[in-house]
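A.B. asks: Take this structure, written in structure tokens, and hold onto it; I'll ask about it next.
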Amino acid sequence: MIGTLVLAASAVAGSAVAAEFYVVRDATTKKCTIVDTKPTSTTTTIVDNGTFKTKTEAETGMKTMKVCTSN
């Protein structure tokens, strides 16, 4: 029973660590936003190296991306 609890706790902790945030740019509006799901459509693309572990890191990173600040 204890082994099952440890395994379940590890799975939950692992999924929390695996969260990623992406800085994406809309092809139509040319605006950058932060999303927590990797884009799968062709209307938005990940900007530069726009993958981050936290939303705060993504917000800071977006401020330094020229394509996001030139609008």
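Every chain in the structure tokens has a letter given in the order shown (A, B, ...), and although residue numbers restart at 1 in each chain, ligands are simply numbered from 1 in the order shown.
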Env of A:Val35: 7 Å cut, atoms = only C-alpha atoms, seq-sep filter 4 positions within chain, self excluded. Answer as a ChimeraX atom specification.

C.D. replies: /A:21-23

A.B. asks: From the set A:Val24, A:Thr43, A:Ala19, A:Lys53, which residue has the shortest atom-to-atom contact distance to A:Met65, counting only C-alpha atoms?

C.D. replies: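 Result for the nearest residue to A:Met65: A:Val24.
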
A.B. asks: Which one is closest to A:Ser41: A:Thr54, A:Asp26, A:Ser70, A:Glu20? Count only C-alpha atoms.

C.D. replies: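 Of the candidates, the smallest distance to A:Ser41 is held by A:Asp26.
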
A.B. asks: Check the smallest atom-to-atom distance from each of A:Asp48, A:Thr42, A:Asp36, A:Thr28 to A:Cys68 using only C-alpha atoms, then report the winner.

C.D. replies: A:Asp48

A.B. asks: Rounded to one decimal, what separation in Å do you get between atom CA of A:Thr44 and atom CA of A:Arg25?

C.D. replies: 5.3 Å
